[in-house]
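**Student:** Here it is: the structure, laid out below.
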Amino acid sequence: MGTAAEQLHRATDVPPAPRWVAPTFAVLALLTLPWIGYLALTLPRHAVIVHYRAAWVGFDLGLMVMLALTAIQAYRGHRQVALAASATATMLVVDAWFDVITTPAGPDLALSVLLAALVELPLAAVCVWIARHGDRMVERRLRQLTVRAALATDRAEAAERTATSARRRTRRGRTR
């Protein structure tokens, strides 16, 4: 049966997602395999893209927004920092992949590989780390804010005590 603490833990333990999510997404992942095979066999090896520049600029704007959102949420100690960091990591990996895959051989390809290896993928790894440890970061930030609030309260109380003492001394000086 278990101890009361174990029973309480089981009663208050809330799963992160409904039970249907895991099997549904597993089936969707499996159903994607034939689609990948179809695309691999039917897509042309080369294509001319009409809005190529707009696609990359738009994607990089979205990446910038996600980097900024992750920064803001981390600074403010929001619990959603893990979600923003996960999305940012995903975008960084996708950016690295398509930069390398769509760049023709030559110095530009070398630069794309270098940026992917030294910037985008390590930053994605940092984002994954943030996502996995987001709760700890938020707890640490909340502790820092609590300490700051306590210090501010202590300073305000000390200032009030000092002001009260000064008023008392002034009153005593007047009555003498």
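Each chain of the structure tokens is named A, B, ... in the order shown, its residues numbered from 1; ligands are numbered from 1 in display order.
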As a ChimeraX atom specification, list the residues of chain A assigned to helix (DSSP H, G or I) by DSSP on the backbone atoms of this structure.
**Tutor:** /A:4-12,21-42,52-76,81-102,107-175
**Student:** Determine, counting only C-alpha atoms, which protein, DNA and RNA residues have an atom within 12 Å of an atom of A:Ala89; residues of the same chain fewer than 2 positions away are not included. Present the result as a VMD selection string.
**Tutor:** chain A and resid 63 to 64 66 to 67 70 81 to 87 91 to 96 119 to 132
**Student:** Please, what distance in Å, to one decimal, runs between atom CA of A:Asp60 and atom CA of A:Leu118?
**Tutor:** 17.6 Å
**Student:** Under the rule that only C-alpha atoms are counted, which of A:Gly62, A:Phe98, A:Thr170, A:Ala74 is the nearest residue to A:Asp135?
**Tutor:**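 Of all the options, A:Ala74 lies closest to A:Asp135.
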